[in-house]
Amino acid sequence: MRTPATTTSTSPSGPKSLTRPSSPTSGKALRWPAAAAACAAAVALVAGCGTDTTAGVVPEGWGTLKTSAVTVAHPPAFTPQGAGERSTYNAAAATLAEGGKDVGMITVQLDFTNADSVEEAAIGAEAGIALGSTLGKQRKIEVAGPEGRTEARRIDFEFTEKGSRIKGVIVAGLDSARKSYAVRVDAAKGRLGDGDLTKIIDSITLK
């Protein structure tokens, strides 16, 4: 698994076991995720529950990665990286360590490519996925925003690194200022359950 890095047209764009890309254009990885009662009990990132009451909510005991445009929750086992630890191309990042090696990573990138649409932002995000990866089709999803639900794209992919199969997901779109953003989750298979992955994605909130 590598520290996410993405190709960008405006500026150069994990885990300790991840190889940090030599340049943002290396193409190796993205530079660089209930009912009303349950909603009331949870710590919401936006006012109200919206149409999908699981979106925009931080699960109990989880932490958050906060940027100027996007916020995303992370499981308690993930450790946020400080500005001096993460790639300069990541606005926020958190890693999951096991046996002294990082086996999972969540990153947030902002304004990583010029895009006039959600589709263009997703295409830009795909450009950072390692060559040879198994790439799934883009899927339309919605994330929480200041004025309700906002369209985004989900991209699923897998690749092998140092003998480990890595499962990755990118959620990309345009933030409230119409700038591109990408939330990426990479984890060695078996290290992050589907339920937690869903909660991460559901927690993505645009400011």
# chains A, B, ... in the order shown; residues from 1 in each chain; ligands from 1
>>> closest_atom_pairs(of="segment 60-85 of chain A", to="segment 110-118 of chain A", cutoff="12 Å", atoms="only C-alpha atoms", output="JSON lines")
{"residue": "A:Lys66", "atom": "CA", "partner": "A:Leu110", "partner_atom": "CA", "distance": 11.7}
{"residue": "A:Thr67", "atom": "CA", "partner": "A:Leu110", "partner_atom": "CA", "distance": 8.6}
{"residue": "A:Ser68", "atom": "CA", "partner": "A:Leu110", "partner_atom": "CA", "distance": 8.8}
{"residue": "A:Ala69", "atom": "CA", "partner": "A:Leu110", "partner_atom": "CA", "distance": 7.6}
{"residue": "A:Val70", "atom": "CA", "partner": "A:Leu110", "partner_atom": "CA", "distance": 8.3}
{"residue": "A:Thr71", "atom": "CA", "partner": "A:Leu110", "partner_atom": "CA", "distance": 11.3}
>>> closest_atom_pairs(of="segment 144-196 of chain A", to="segment 122-126 of chain A", cutoff="8 Å", atoms="only C-alpha atoms", output="JSON lines")
{"residue": "A:Arg153", "atom": "CA", "partner": "A:Ala122", "partner_atom": "CA", "distance": 6.3}
{"residue": "A:Arg154", "atom": "CA", "partner": "A:Ala122", "partner_atom": "CA", "distance": 8.0}
{"residue": "A:Ile155", "atom": "CA", "partner": "A:Glu126", "partner_atom": "CA", "distance": 7.7}
{"residue": "A:Ile170", "atom": "CA", "partner": "A:Ala125", "partner_atom": "CA", "distance": 7.5}
{"residue": "A:Val171", "atom": "CA", "partner": "A:Ala122", "partner_atom": "CA", "distance": 7.8}
{"residue": "A:Ala172", "atom": "CA", "partner": "A:Ala122", "partner_atom": "CA", "distance": 5.2}
{"residue": "A:Gly173", "atom": "CA", "partner": "A:Ala122", "partner_atom": "CA", "distance": 6.4}
{"residue": "A:Ala182", "atom": "CA", "partner": "A:Ala125", "partner_atom": "CA", "distance": 6.8}
>>> residues_around(residues="Ala77 of chain A", least_positions_apart="6", cutoff="10 Å", atoms="only C-alpha atoms", output="MDAnalysis selection string")
chainID A and resid 62:63 94:98
>>> select_by_dssp(residues="segment 105-175 of chain A", states="strand (DSSP E or B)", output="PDB file with N, CA and C atoms, in the first residue's frame")
ATOM      1  N   MET A 105      -5.063   3.087   5.450  1.00  0.00           N
ATOM      2  CA  MET A 105      -4.906   4.533   5.414  1.00  0.00           C
ATOM      3  C   MET A 105      -6.169   5.198   4.894  1.00  0.00           C
ATOM      4  N   ILE A 106      -6.501   6.339   5.481  1.00  0.00           N
ATOM      5  CA  ILE A 106      -7.587   7.191   5.003  1.00  0.00           C
ATOM      6  C   ILE A 106      -6.964   8.541   4.695  1.00  0.00           C
ATOM      7  N   THR A 107      -7.224   9.082   3.507  1.00  0.00           N
ATOM      8  CA  THR A 107      -6.683  10.388   3.156  1.00  0.00           C
ATOM      9  C   THR A 107      -7.769  11.274   2.562  1.00  0.00           C
ATOM     10  N   VAL A 108      -7.561  12.577   2.712  1.00  0.00           N
ATOM     11  CA  VAL A 108      -8.441  13.573   2.100  1.00  0.00           C
ATOM     12  C   VAL A 108      -7.572  14.503   1.274  1.00  0.00           C
ATOM     13  N   GLN A 109      -7.956  14.701   0.025  1.00  0.00           N
ATOM     14  CA  GLN A 109      -7.261  15.655  -0.828  1.00  0.00           C
ATOM     15  C   GLN A 109      -8.248  16.694  -1.336  1.00  0.00           C
ATOM     16  N   LEU A 110      -7.774  17.932  -1.425  1.00  0.00           N
ATOM     17  CA  LEU A 110      -8.615  19.038  -1.857  1.00  0.00           C
ATOM     18  C   LEU A 110      -8.020  19.706  -3.088  1.00  0.00           C
ATOM     19  N   THR A 134      -7.177  -3.717 -10.302  1.00  0.00           N
ATOM     20  CA  THR A 134      -8.494  -4.145 -10.749  1.00  0.00           C
ATOM     21  C   THR A 134      -9.459  -3.018 -10.425  1.00  0.00           C
ATOM     22  N   LEU A 135      -9.984  -2.373 -11.443  1.00  0.00           N
ATOM     23  CA  LEU A 135     -10.783  -1.168 -11.255  1.00  0.00           C
ATOM     24  C   LEU A 135     -12.251  -1.446 -11.511  1.00  0.00           C
ATOM     25  N   ARG A 139     -19.610   4.564  -9.367  1.00  0.00           N
ATOM     26  CA  ARG A 139     -20.990   4.475  -8.912  1.00  0.00           C
ATOM     27  C   ARG A 139     -21.437   5.815  -8.356  1.00  0.00           C
ATOM     28  N   LYS A 140     -22.645   6.218  -8.690  1.00  0.00           N
ATOM     29  CA  LYS A 140     -23.185   7.459  -8.145  1.00  0.00           C
ATOM     30  C   LYS A 140     -23.598   7.243  -6.694  1.00  0.00           C
ATOM     31  N   ILE A 141     -23.164   8.133  -5.832  1.00  0.00           N
ATOM     32  CA  ILE A 141     -23.611   8.113  -4.446  1.00  0.00           C
ATOM     33  C   ILE A 141     -23.927   9.547  -4.037  1.00  0.00           C
ATOM     34  N   GLU A 142     -24.358   9.739  -2.802  1.00  0.00           N
ATOM     35  CA  GLU A 142     -24.598  11.076  -2.276  1.00  0.00           C
ATOM     36  C   GLU A 142     -23.887  11.215  -0.937  1.00  0.00           C
ATOM     37  N   VAL A 143     -23.392  12.398  -0.668  1.00  0.00           N
ATOM     38  CA  VAL A 143     -22.770  12.683   0.619  1.00  0.00           C
ATOM     39  C   VAL A 143     -23.489  13.863   1.249  1.00  0.00           C
ATOM     40  N   ALA A 144     -23.288  14.043   2.542  1.00  0.00           N
ATOM     41  CA  ALA A 144     -23.942  15.132   3.255  1.00  0.00           C
ATOM     42  C   ALA A 144     -23.279  16.453   2.927  1.00  0.00           C
ATOM     43  N   GLY A 145     -24.089  17.505   2.838  1.00  0.00           N
ATOM     44  CA  GLY A 145     -23.573  18.831   2.567  1.00  0.00           C
ATOM     45  C   GLY A 145     -24.360  19.887   3.318  1.00  0.00           C
ATOM     46  N   GLY A 148     -27.977  19.918   2.132  1.00  0.00           N
ATOM     47  CA  GLY A 148     -28.609  18.625   1.894  1.00  0.00           C
ATOM     48  C   GLY A 148     -27.679  17.661   1.186  1.00  0.00           C
ATOM     49  N   ARG A 149     -28.278  16.696   0.515  1.00  0.00           N
ATOM     50  CA  ARG A 149     -27.502  15.654  -0.140  1.00  0.00           C
ATOM     51  C   ARG A 149     -26.823  16.188  -1.387  1.00  0.00           C
ATOM     52  N   THR A 150     -25.567  15.764  -1.626  1.00  0.00           N
ATOM     53  CA  THR A 150     -24.771  16.227  -2.758  1.00  0.00           C
ATOM     54  C   THR A 150     -24.219  15.036  -3.516  1.00  0.00           C
ATOM     55  N   GLU A 151     -24.270  15.082  -4.830  1.00  0.00           N
ATOM     56  CA  GLU A 151     -23.824  13.967  -5.664  1.00  0.00           C
ATOM     57  C   GLU A 151     -22.310  13.786  -5.597  1.00  0.00           C
ATOM     58  N   ALA A 152     -21.882  12.536  -5.607  1.00  0.00           N
ATOM     59  CA  ALA A 152     -20.460  12.187  -5.635  1.00  0.00           C
ATOM     60  C   ALA A 152     -20.316  10.895  -6.430  1.00  0.00           C
ATOM     61  N   ARG A 153     -19.066  10.449  -6.582  1.00  0.00           N
ATOM     62  CA  ARG A 153     -18.803   9.188  -7.264  1.00  0.00           C
ATOM     63  C   ARG A 153     -17.964   8.297  -6.358  1.00  0.00           C
ATOM     64  N   ARG A 154     -18.283   7.014  -6.361  1.00  0.00           N
ATOM     65  CA  ARG A 154     -17.501   6.023  -5.622  1.00  0.00           C
ATOM     66  C   ARG A 154     -16.770   5.142  -6.619  1.00  0.00           C
ATOM     67  N   ILE A 155     -15.486   4.944  -6.372  1.00  0.00           N
ATOM     68  CA  ILE A 155     -14.641   4.113  -7.226  1.00  0.00           C
ATOM     69  C   ILE A 155     -14.012   3.025  -6.366  1.00  0.00           C
ATOM     70  N   ASP A 156     -14.271   1.774  -6.669  1.00  0.00           N
ATOM     71  CA  ASP A 156     -13.675   0.649  -5.947  1.00  0.00           C
ATOM     72  C   ASP A 156     -12.548   0.049  -6.781  1.00  0.00           C
ATOM     73  N   PHE A 157     -11.472  -0.361  -6.140  1.00  0.00           N
ATOM     74  CA  PHE A 157     -10.357  -0.961  -6.861  1.00  0.00           C
ATOM     75  C   PHE A 157      -9.551  -1.849  -5.923  1.00  0.00           C
ATOM     76  N   GLU A 158      -8.714  -2.691  -6.495  1.00  0.00           N
ATOM     77  CA  GLU A 158      -7.817  -3.549  -5.723  1.00  0.00           C
ATOM     78  C   GLU A 158      -6.474  -3.630  -6.423  1.00  0.00           C
ATOM     79  N   PHE A 159      -5.425  -3.808  -5.649  1.00  0.00           N
ATOM     80  CA  PHE A 159      -4.104  -4.009  -6.229  1.00  0.00           C
ATOM     81  C   PHE A 159      -3.257  -4.807  -5.244  1.00  0.00           C
ATOM     82  N   THR A 160      -2.155  -5.330  -5.726  1.00  0.00           N
ATOM     83  CA  THR A 160      -1.248  -6.111  -4.891  1.00  0.00           C
ATOM     84  C   THR A 160       0.027  -5.318  -4.651  1.00  0.00           C
ATOM     85  N   GLU A 161       0.456  -5.263  -3.405  1.00  0.00           N
ATOM     86  CA  GLU A 161       1.707  -4.581  -3.068  1.00  0.00           C
ATOM     87  C   GLU A 161       2.474  -5.397  -2.033  1.00  0.00           C
ATOM     88  N   SER A 164       0.770  -8.354  -0.565  1.00  0.00           N
ATOM     89  CA  SER A 164      -0.522  -8.167   0.112  1.00  0.00           C
ATOM     90  C   SER A 164      -1.543  -7.602  -0.866  1.00  0.00           C
ATOM     91  N   ARG A 165      -2.746  -8.136  -0.806  1.00  0.00           N
ATOM     92  CA  ARG A 165      -3.826  -7.620  -1.638  1.00  0.00           C
ATOM     93  C   ARG A 165      -4.463  -6.441  -0.915  1.00  0.00           C
ATOM     94  N   ILE A 166      -4.510  -5.294  -1.578  1.00  0.00           N
ATOM     95  CA  ILE A 166      -5.035  -4.073  -0.996  1.00  0.00           C
ATOM     96  C   ILE A 166      -6.374  -3.739  -1.634  1.00  0.00           C
ATOM     97  N   LYS A 167      -7.333  -3.427  -0.794  1.00  0.00           N
ATOM     98  CA  LYS A 167      -8.655  -3.003  -1.269  1.00  0.00           C
ATOM     99  C   LYS A 167      -8.761  -1.497  -1.077  1.00  0.00           C
ATOM    100  N   GLY A 168      -9.160  -0.799  -2.132  1.00  0.00           N
ATOM    101  CA  GLY A 168      -9.252   0.647  -2.056  1.00  0.00           C
ATOM    102  C   GLY A 168     -10.600   1.171  -2.512  1.00  0.00           C
ATOM    103  N   VAL A 169     -10.975   2.313  -1.952  1.00  0.00           N
ATOM    104  CA  VAL A 169     -12.204   3.006  -2.337  1.00  0.00           C
ATOM    105  C   VAL A 169     -11.899   4.501  -2.373  1.00  0.00           C
ATOM    106  N   ILE A 170     -12.343   5.157  -3.407  1.00  0.00           N
ATOM    107  CA  ILE A 170     -12.246   6.609  -3.493  1.00  0.00           C
ATOM    108  C   ILE A 170     -13.643   7.176  -3.653  1.00  0.00           C
ATOM    109  N   VAL A 171     -13.956   8.210  -2.876  1.00  0.00           N
ATOM    110  CA  VAL A 171     -15.168   8.991  -3.069  1.00  0.00           C
ATOM    111  C   VAL A 171     -14.714  10.370  -3.532  1.00  0.00           C
ATOM    112  N   ALA A 172     -15.150  10.771  -4.720  1.00  0.00           N
ATOM    113  CA  ALA A 172     -14.698  12.035  -5.301  1.00  0.00           C
ATOM    114  C   ALA A 172     -15.887  12.866  -5.754  1.00  0.00           C
ATOM    115  N   GLY A 173     -15.669  14.174  -5.784  1.00  0.00           N
ATOM    116  CA  GLY A 173     -16.721  15.078  -6.234  1.00  0.00           C
ATOM    117  C   GLY A 173     -16.257  16.507  -6.151  1.00  0.00           C
ATOM    118  N   LEU A 174     -17.217  17.417  -6.112  1.00  0.00           N
ATOM    119  CA  LEU A 174     -16.942  18.836  -5.973  1.00  0.00           C
ATOM    120  C   LEU A 174     -17.475  19.319  -4.636  1.00  0.00           C
TER     121      LEU A 174
END
>>> atom_distance(atom1="atom CA of Ala130 of chain A", atom2="atom CA of Asp175 of chain A")
24.9 Å
>>> atom_distance(atom1="atom CA of Glu120 of chain A", atom2="atom CA of Arg178 of chain A")
11.7 Å
>>> atom_distance(atom1="atom CA of Gly190 of chain A", atom2="atom CA of Lys162 of chain A")
15.9 Å
>>> closest_residue(among="A:Lys207, A:Ala188, A:Ile200, A:Ile129", to="Lys101 of chain A", atoms="only C-alpha atoms")
A:Ala188
